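Accompanying notes for the structure given below.
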Amino acid sequence: MAAASAQPLLSLRPSIFSSKFSVFLPRPSSLSSISSKPSTIASLHSRRSRFPAAAASSSTPPFSNRISEQADDGAGLGGVISAAIDSIALVLTSVALSLSLLLVDVDAASAFVVSTPRKLQSDELATVRLFQDNTPSVVYITNLAVRQDAFTLDVLEVPQGSGSGFVWDKQGHIVTNYHVIRGASDLRVTLADQSTYEAKVVGFDQDKDVAVLRIEAPKDKLRPIPVGVSADLLVGQKVYAIGNPFGLDHTLTTGVISGLRREISSAATGRPIQDVIQTDAAINPGNSGGPLLDSSGNLIGINTAIYSPSGASSGVGFSIPVDTVGGIVEQLVKFGKVTRPILGIKFAPDQSVEQLGVSGVLVLDAPPSGPAGKAGLRPTKRDEYGRLVLGDIITSVNGKKVANGSDLYRILDQCKVGEKVIVEVLRGDHKEKFPVILEPKPDES
């Protein structure tokens, strides 16, 4: 009987390594002591007899059934202990991770952050690089005017305008538009590093709306802008404008060349500016004087004007070509002025000549001391009866046709002071030619 009772207990031995019940099974020595005592087995039978229903429904021997009940109780307790161990392990892991983040460097901690790297297209990278390379060459110009306080009578300097410009060379020359500095009592130039310097006017050309300033700044802070060529520009190529619109520091706008060889009038003198570049890059107030760049980052023009009924950018901006600017800046730096040849005449508006049904430039006045007067050109005057007698009508210069005032200016811009030109005029009903030696303006001599 003892051997038969011990057999089911021995059959549970493998569960010591495979089941959670094994923790609560009695040791083999204790099982042997139980099976060797008949009185204990008899006691178990007597307890089973008190519950006949339970005994009848179970085919398991009484002692084996008792062991199963102990195993079930142990299983519930084991699950609780296992869950507690898992929770403690999780807490310890979290604490260890937190301590590691506190103790290691920030760069090492950043390895735990997963971020998607920013990817830019090749054209975007080129634009970003162009802006970063050329921004140090662009400056911010403040136009200061003297004002007197109405109550204290103190003289104050107040900003009356602002614009942009760019560094031309290491000697501190800054190029901008003339209308940016017009009427200024003092000028201040702010570089890309926000350092500000007082600026002096080297010279200006009102007819072409170009001015040159100079600042006393360390050469290591001056980065001249690379100068390109505007003669070979094409409609449709990309352009980039950098400036300070509305006082906003270093703003980049992009566009394309919309047209070439446009003509605008100078804001100061009304004299036409030829071969102007038209672009749809946004040019707003404050962009004036800033550079217009090609896709290589080279200067191709100075942003000077916009065509807009509202005063804001409407997709039509104009830039003075760098080929024109280069010659002007060279003369301003060397001589402080631009020596531009003139004929020494005053001529009628183009509309008046058109009403006469002729093509050319009608001479209204030709002072005898001027180049045209010395050559013999006749001005418009009235006869002894008060009737208007038309003067000579210039039809060509050096064989180049002159249809209006813009044509005459364009031809003279290609000439030099002291050069002899052949002027053909319509006098009455016949044409005559006069050699004229060009002279500089009286205030430029």
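Quick note on naming: the chains in the structure tokens go A, B, ... in the order shown, residues restart at 1 in each chain, and ligands are numbered from 1 in order of appearance.
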
So that I can see what lies close to Ala403 of chain A, please list as a PDB file with all heavy atoms, in the first residue's frame the residues with an atom at most 7 Å from it, counting only C-alpha atoms and leaving out residues fewer than 3 positions away in the same chain.
ATOM      1  N   SER A 359      10.427 113.569 -87.411  1.00  0.00           N
ATOM      2  CA  SER A 359      11.120 112.699 -86.469  1.00  0.00           C
ATOM      3  C   SER A 359      12.476 113.299 -86.160  1.00  0.00           C
ATOM      4  O   SER A 359      13.233 113.638 -87.074  1.00  0.00           O
ATOM      5  CB  SER A 359      11.293 111.303 -87.069  1.00  0.00           C
ATOM      6  OG  SER A 359      12.059 110.488 -86.222  1.00  0.00           O
ATOM      7  N   GLY A 360      12.776 113.451 -84.870  1.00  0.00           N
ATOM      8  CA  GLY A 360      14.050 114.001 -84.468  1.00  0.00           C
ATOM      9  C   GLY A 360      13.936 114.770 -83.167  1.00  0.00           C
ATOM     10  O   GLY A 360      12.943 114.637 -82.433  1.00  0.00           O
ATOM     11  N   VAL A 361      14.966 115.569 -82.862  1.00  0.00           N
ATOM     12  CA  VAL A 361      15.018 116.367 -81.642  1.00  0.00           C
ATOM     13  C   VAL A 361      15.039 117.840 -82.026  1.00  0.00           C
ATOM     14  O   VAL A 361      15.973 118.304 -82.707  1.00  0.00           O
ATOM     15  CB  VAL A 361      16.270 116.008 -80.806  1.00  0.00           C
ATOM     16  CG1 VAL A 361      16.412 116.969 -79.621  1.00  0.00           C
ATOM     17  CG2 VAL A 361      16.169 114.578 -80.312  1.00  0.00           C
ATOM     18  N   THR A 395      18.538 115.000 -86.571  1.00  0.00           N
ATOM     19  CA  THR A 395      18.035 113.745 -87.121  1.00  0.00           C
ATOM     20  C   THR A 395      19.022 112.593 -86.969  1.00  0.00           C
ATOM     21  O   THR A 395      18.617 111.432 -87.001  1.00  0.00           O
ATOM     22  CB  THR A 395      17.686 113.909 -88.602  1.00  0.00           C
ATOM     23  OG1 THR A 395      18.857 114.370 -89.315  1.00  0.00           O
ATOM     24  CG2 THR A 395      16.561 114.927 -88.773  1.00  0.00           C
ATOM     25  N   ASP A 407      17.079 108.538 -77.846  1.00  0.00           N
ATOM     26  CA  ASP A 407      18.101 108.142 -78.811  1.00  0.00           C
ATOM     27  C   ASP A 407      19.328 109.039 -78.705  1.00  0.00           C
ATOM     28  O   ASP A 407      20.473 108.572 -78.791  1.00  0.00           O
ATOM     29  CB  ASP A 407      17.535 108.203 -80.233  1.00  0.00           C
ATOM     30  CG  ASP A 407      16.474 107.141 -80.479  1.00  0.00           C
ATOM     31  OD1 ASP A 407      16.436 106.162 -79.698  1.00  0.00           O
ATOM     32  OD2 ASP A 407      15.686 107.295 -81.428  1.00  0.00           O
TER      33      ASP A 407
END

If we count only C-alpha atoms, what is near segment 424-441 of chain A at a cut-off of 6 Å, once residues fewer than 2 positions away on the same chain are taken out, given as a list of chain:residue names?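 Final neighbour list, sorted by chain and number: A:Arg340, A:Pro341, A:Ile342, A:Leu343, A:Ala375, A:Asp392, A:Ile393, A:Ile394, A:Thr395, A:Ser396, A:Val417, A:Gly418, A:Glu419, A:Lys420, A:Val421, A:Ile422, A:Asp443, A:Glu444.
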
Could I get the residues of segment 210-311 of chain A with an atom no further than 8 Å from an atom of segment 317-331 of chain A, each paired with its nearest atom pair and that distance in Å to one decimal, using only C-alpha atoms, sorted by chain and residue number, as a Markdown table?
| residue | atom | partner | partner_atom | distance |
| --- | --- | --- | --- | --- |
| A:Val210 | CA | A:Val325 | CA | 7.3 |
| A:Ala211 | CA | A:Val329 | CA | 7.8 |
| A:Val212 | CA | A:Val329 | CA | 6.9 |
| A:Val227 | CA | A:Val322 | CA | 7.7 |
| A:Gly228 | CA | A:Val322 | CA | 7.3 |
| A:Val229 | CA | A:Asp323 | CA | 6.3 |
| A:Ser230 | CA | A:Pro321 | CA | 5.8 |
| A:Ala231 | CA | A:Asp323 | CA | 7.1 |
| A:Ile273 | CA | A:Ile320 | CA | 7.9 |
| A:Asp275 | CA | A:Pro321 | CA | 7.0 |
| A:Val276 | CA | A:Ile320 | CA | 5.1 |
| A:Ile277 | CA | A:Ser319 | CA | 5.0 |
| A:Gln278 | CA | A:Phe318 | CA | 4.7 |
| A:Thr279 | CA | A:Gly317 | CA | 5.2 |
| A:Asp280 | CA | A:Gly317 | CA | 6.1 |
| A:Ala281 | CA | A:Gly317 | CA | 6.9 |
| A:Ala282 | CA | A:Gly317 | CA | 7.1 |
| A:Ile283 | CA | A:Gly317 | CA | 6.0 |
| A:Leu292 | CA | A:Ser319 | CA | 7.3 |
| A:Leu299 | CA | A:Val322 | CA | 6.9 |
| A:Ile300 | CA | A:Val322 | CA | 5.0 |
| A:Gly301 | CA | A:Pro321 | CA | 4.3 |
| A:Ile302 | CA | A:Ser319 | CA | 4.9 |
| A:Asn303 | CA | A:Ser319 | CA | 4.3 |
| A:Thr304 | CA | A:Ser319 | CA | 5.3 |
| A:Ala305 | CA | A:Phe318 | CA | 5.2 |
| A:Ile306 | CA | A:Gly317 | CA | 4.3 |
| A:Tyr307 | CA | A:Gly317 | CA | 6.3 |

Mind the document's chain letters and residue numbers, and return as a VMD selection string the residues of segment 328-399 of chain A that DSSP labels alpha helix (DSSP H). chain A and resid 328 to 335 350 to 356 371 to 375

Name the residues of segment 237-430 of chain A that fall into strand (DSSP E) according to DSSP on the backbone, using the chain letters and numbers of this document, as a PyMOL selection string. chain A and resi 238-243+251-265+272-279+291-293+299-306+317-321+341-342+346-347+361-365+381-382+388-389+393-397+400-401+420-427+430

Rank A:Gln132, A:Thr254, A:Gln121, A:Gln171 by their smallest atom-to-atom distance to Pro224 of chain A, using only C-alpha atoms, and report the top residue only.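 Ranked by minimum distance to Pro224 of chain A, first place goes to A:Gln171.
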
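Each of A:Arg182, A:Lys221, A:Arg410, A:Arg262 was checked against Gly161 of chain A using only C-alpha atoms; the smallest atom-to-atom distance is that of A:Arg182.
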
Computed interatomic separation between atom CA of Tyr409 of chain A and atom CA of Leu213 of chain A (Å):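 Distance between the two atoms: 26.5 Å.
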
Using Å and a single decimal, report how far atom CA of Lys416 of chain A sits from atom CA of Gly290 of chain A.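 Calculated distance between atom CA of Gly290 of chain A and atom CA of Lys416 of chain A is 28.9 Å.
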
Counting only C-alpha atoms, the option among A:Lys200, A:Arg188, A:Lys208, A:Lys219 closest to Asp169 of chain A: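 The answer is A:Lys219, which sits nearest to Asp169 of chain A.
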